[in-house]
Each structure stands twice: as C-alpha cells, then as structure tokens.
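What follows is final-v2.cif (mmCIF, C-alpha atoms).
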data_entry
loop_
_atom_site.label_atom_id
_atom_site.label_comp_id
_atom_site.auth_asym_id
_atom_site.auth_seq_id
_atom_site.Cartn_x
_atom_site.Cartn_y
_atom_site.Cartn_z
CA MET A 1 86.32 89.42 82.64
CA LYS A 2 84.32 91.71 80.42
CA PRO A 3 82.75 94.83 81.92
CA LEU A 4 79.01 95.31 82.07
CA PRO A 5 77.81 96.67 78.73
CA ALA A 6 77.07 100.37 78.42
CA LEU A 7 73.97 100.82 76.29
CA GLY A 8 73.01 104.46 76.50
CA PRO A 9 72.59 106.06 79.91
CA ALA A 10 73.25 103.72 82.79
CA PRO A 11 70.03 102.30 84.23
CA LYS A 12 69.15 103.35 87.75
CA ILE A 13 69.57 100.16 89.75
CA LYS A 14 67.86 100.27 93.10
CA ASP A 15 68.87 96.83 94.28
CA ASP A 16 69.68 98.20 97.74
CA GLN A 17 65.93 98.63 98.24
CA GLU A 18 65.26 95.05 97.12
CA VAL A 19 67.70 93.48 99.60
CA PRO A 20 66.30 93.60 103.14
CA GLU A 21 68.42 95.47 105.68
CA GLU A 22 68.41 92.42 107.96
CA LEU A 23 69.97 90.34 105.17
CA ILE A 24 72.57 93.03 104.46
CA GLY A 25 73.48 93.05 108.15
CA ARG A 26 73.84 89.26 108.15
CA LEU A 27 75.94 89.48 105.00
CA TYR A 28 78.39 91.96 106.51
CA ARG A 29 78.71 89.91 109.72
CA ALA A 30 79.18 86.62 107.86
CA THR A 31 82.43 85.08 106.75
CA GLU A 32 82.84 84.38 103.05
CA SER A 33 82.06 80.69 103.47
CA SER A 34 79.03 81.24 105.74
CA VAL A 35 77.43 83.51 103.13
CA PHE A 36 76.69 80.39 101.10
CA ASP A 37 74.98 78.80 104.11
CA MET A 38 72.36 81.58 103.88
CA LEU A 39 71.51 80.92 100.23
CA PRO A 40 69.23 77.85 100.55
CA GLU A 41 66.71 79.88 102.55
CA LEU A 42 66.50 82.57 99.82
CA SER A 43 64.26 82.47 96.76
CA LEU A 44 65.94 82.52 93.35
CA GLN A 45 64.90 86.14 92.81
CA ASP A 46 66.28 87.15 96.23
CA ARG A 47 69.56 85.48 95.23
CA ALA A 48 69.58 87.52 92.02
CA TYR A 49 69.07 90.74 93.98
CA LEU A 50 71.75 89.77 96.48
CA ALA A 51 74.16 88.80 93.70
CA MET A 52 73.85 92.24 92.06
CA PHE A 53 74.03 94.01 95.42
CA CYS A 54 77.33 92.28 96.20
CA TYR A 55 78.63 92.55 92.63
CA ARG A 56 78.36 96.34 92.76
CA LYS A 57 80.37 96.61 96.01
CA SER A 58 84.12 96.32 95.39
CA HIS A 59 84.80 94.40 98.61
CA LEU A 60 81.92 91.97 97.91
CA HIS A 61 82.35 91.70 94.12
CA ARG A 62 83.74 88.16 94.18
CA ILE A 63 80.96 87.00 96.51
CA GLY A 64 78.40 88.56 94.17
CA LEU A 65 79.74 86.51 91.27
CA ALA A 66 79.70 83.36 93.40
CA ILE A 67 76.08 84.00 94.40
CA ALA A 68 75.18 84.67 90.75
CA ALA A 69 76.69 81.29 89.91
CA THR A 70 73.93 79.70 92.01
CA CYS A 71 71.26 81.44 89.90
CA ASP A 72 69.71 80.36 86.63
CA GLU A 73 70.32 82.64 83.67
CA SER A 74 66.57 83.07 83.20
CA VAL A 75 66.16 84.39 86.75
CA LEU A 76 69.04 86.86 86.36
CA VAL A 77 67.63 88.06 83.01
CA GLN A 78 64.10 88.32 84.41
CA THR A 79 65.35 90.29 87.42
CA TRP A 80 67.98 92.53 85.80
CA GLY A 81 67.10 92.60 82.11
CA THR A 82 68.82 90.95 79.19
CA ALA A 83 72.11 92.89 79.13
CA LEU A 84 72.82 92.90 82.88
CA GLY A 85 71.40 89.45 83.55
CA GLN A 86 73.33 87.73 80.76
CA THR A 87 76.55 89.54 81.62
CA LEU A 88 76.30 88.70 85.31
CA PHE A 89 75.51 85.08 84.42
CA ALA A 90 78.49 84.86 82.00
CA GLN A 91 80.93 86.47 84.42
CA SER A 92 79.83 84.16 87.22
CA ARG A 93 80.76 81.17 85.07
CA GLU A 94 84.20 82.46 83.98
CA ALA A 95 87.36 81.27 85.68
CA PRO A 96 88.56 83.81 88.25
CA PRO A 97 91.48 85.95 87.06
CA PRO A 98 94.90 84.81 88.24
CA PRO A 99 96.31 86.64 91.25
CA ALA A 100 98.43 89.68 90.50
CA ARG A 101 101.47 87.92 91.93
CA ALA A 102 101.90 84.19 92.08
CA PRO A 103 102.03 82.74 95.61
CA GLY A 104 105.59 82.27 96.82
CA GLN A 105 106.95 84.79 94.35
CA HIS A 106 108.81 87.57 96.15
CA ARG A 107 110.35 90.87 95.23
CA ALA A 108 114.03 90.97 94.42
CA LYS A 109 116.24 91.71 97.38
CA ILE A 110 117.47 95.23 97.73
CA THR A 111 121.18 95.61 98.31
CA LEU A 112 122.96 98.69 99.47
CA ALA A 113 126.03 100.00 97.71
CA THR A 114 129.31 99.65 99.56
CA LEU A 115 132.07 102.20 99.43
CA GLY A 116 135.43 101.13 98.14
CA GLY A 117 138.55 102.08 100.14
CA SER A 118 138.39 103.91 103.43
CA SER A 119 135.28 105.52 104.75
CA PRO A 120 135.19 109.33 104.46
CA TRP A 121 132.99 109.46 107.54
CA VAL A 122 134.64 109.12 110.90
CA SER A 123 132.61 109.00 114.08
CA ALA A 124 133.66 110.71 117.32
CA ASP A 125 134.33 107.26 118.87
CA ASP A 126 136.72 106.42 116.01
CA GLU A 127 138.61 109.68 116.57
CA ASP A 128 138.95 108.96 120.32
CA GLU A 129 140.30 105.46 119.62
CA ALA A 130 142.77 106.85 117.07
CA ASP A 131 143.99 109.46 119.61
CA GLU A 132 144.46 106.79 122.32
CA GLN A 133 146.39 104.50 120.00
CA GLY A 134 148.58 107.32 118.68
CA ALA A 135 149.48 108.65 122.13
#

As structure tokens, how would this structure be written, given the file I've shared?
Amino acid sequence: MKPLPALGPAPKIKDDQEVPEELIGRLYRATESSVFDMLPELSLQDRAYLAMFCYRKSHLHRIGLAIAATCDESVLVQTWGTALGQTLFAQSREAPPPPARAPGQHRAKITLATLGGSSPWVSADDEDEADEQGA
C-alpha cells in the first residue's frame, strides 16, 4: 500500500467537522459489519467524508478503506482533491496486505537447558532425607 503523497506542506484536513457527531457516535458503537449497514442512508459525499475520517484513525483505517471502496473515484476527487482522492480510491481497491503471521503458525518452543551429572543445588528436604538414610 503506497502512502498518501506529500506535495509541499500537508493540507489542513478538517474532515472531523464534516462528519456529524451523531454519526461518529454511531460509528464507534457499531461493529465492523454493522458500519456497512449505515452506508445506504448516506450521500456519496458523506461517505467520502466518513471514509477519510476513518482512514486517518489507526483503529478505523481498514474500515475507512472499505467505505472508500463504496465511493466513486470522481466523488473522492471532488471531495478531497486529486492527490488525496485518487490515492484513497486506489488504496481502497488494492488487496489487503497479508497478516504479519500466517494463521496457525506458532513460535518455536522454548526449551530449558538441563544440567549433566548431579545437581549442585541440594534442597533442605534432600539433606534431611540423606541424613535419615545414612543414619
């Protein structure tokens, strides 16, 4: 996934003001699958705002890309400009990156070293047993 292009100073994005607080509240209360149930009631421009809002939040990044995938490129470009709109559109159509570790793959087992010969450490219980057997 390519990062958003940096063309001069970063533009001041005020998408938080474009997404109604009520919708943000619903978004945070919703499960990942129920977020998509909210989309049909939103206009295409509201989806574009919501997509960028989520995209910029690390815990909602994946949802932002999924919402952007429901938007037309023209709407994303009209809402966010050519560079941001096209990049968000392209990233929303890319295959998701593979997980860091394949499912079912586990770390190697850790084994502890064993001492050869007799143990140099003797507990008090071992000493008592040795005294009883020797007496």

Find the residues around stretch 35-47 of chain A up to 10 Å (all atoms listed in the file counted), leave out those fewer than 3 positions away in its own chain, and share them as a compact mmCIF listing (two decimals) with C-alpha atoms, in the frame of the given file.
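Final file, part39.txt:
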# COMPACT_ATOMS: atom_id res chain seq x y z
CA GLU A 18 65.26 95.05 97.12
CA VAL A 19 67.70 93.48 99.60
CA PRO A 20 66.30 93.60 103.14
CA LEU A 23 69.97 90.34 105.17
CA ARG A 26 73.84 89.26 108.15
CA LEU A 27 75.94 89.48 105.00
CA TYR A 28 78.39 91.96 106.51
CA ARG A 29 78.71 89.91 109.72
CA ALA A 30 79.18 86.62 107.86
CA THR A 31 82.43 85.08 106.75
CA GLU A 32 82.84 84.38 103.05
CA LEU A 50 71.75 89.77 96.48
CA ALA A 51 74.16 88.80 93.70
CA MET A 52 73.85 92.24 92.06
CA PHE A 53 74.03 94.01 95.42
CA ILE A 63 80.96 87.00 96.51
CA GLY A 64 78.40 88.56 94.17
CA ALA A 66 79.70 83.36 93.40
CA ILE A 67 76.08 84.00 94.40
CA ALA A 68 75.18 84.67 90.75
CA ALA A 69 76.69 81.29 89.91
CA THR A 70 73.93 79.70 92.01
CA CYS A 71 71.26 81.44 89.90
CA ASP A 72 69.71 80.36 86.63
CA VAL A 75 66.16 84.39 86.75
CA LEU A 76 69.04 86.86 86.36
CA GLN A 78 64.10 88.32 84.41
CA THR A 79 65.35 90.29 87.42
CA TRP A 80 67.98 92.53 85.80

- Query: By how many Å are atom CA of A:Gln91 and atom CA of A:Gly25 apart?
  - Reply: 25.7 Å

- Could you tell me how far atom CA of A:Leu65 lies from atom CA of A:Arg93, in Å and to one decimal? 8.2 Å

- Query: So which one's closest to A:Gly85, A:Glu21, A:Thr111, A:Ala48, A:Ser33? Using all atoms listed in the file, please.
  - Reply: A:Ala48

- Task: May I ask for the distance between atom CA of A:Gln86 and atom CA of A:Ser74, given in Å to one decimal place?
- Result: 8.6 Å
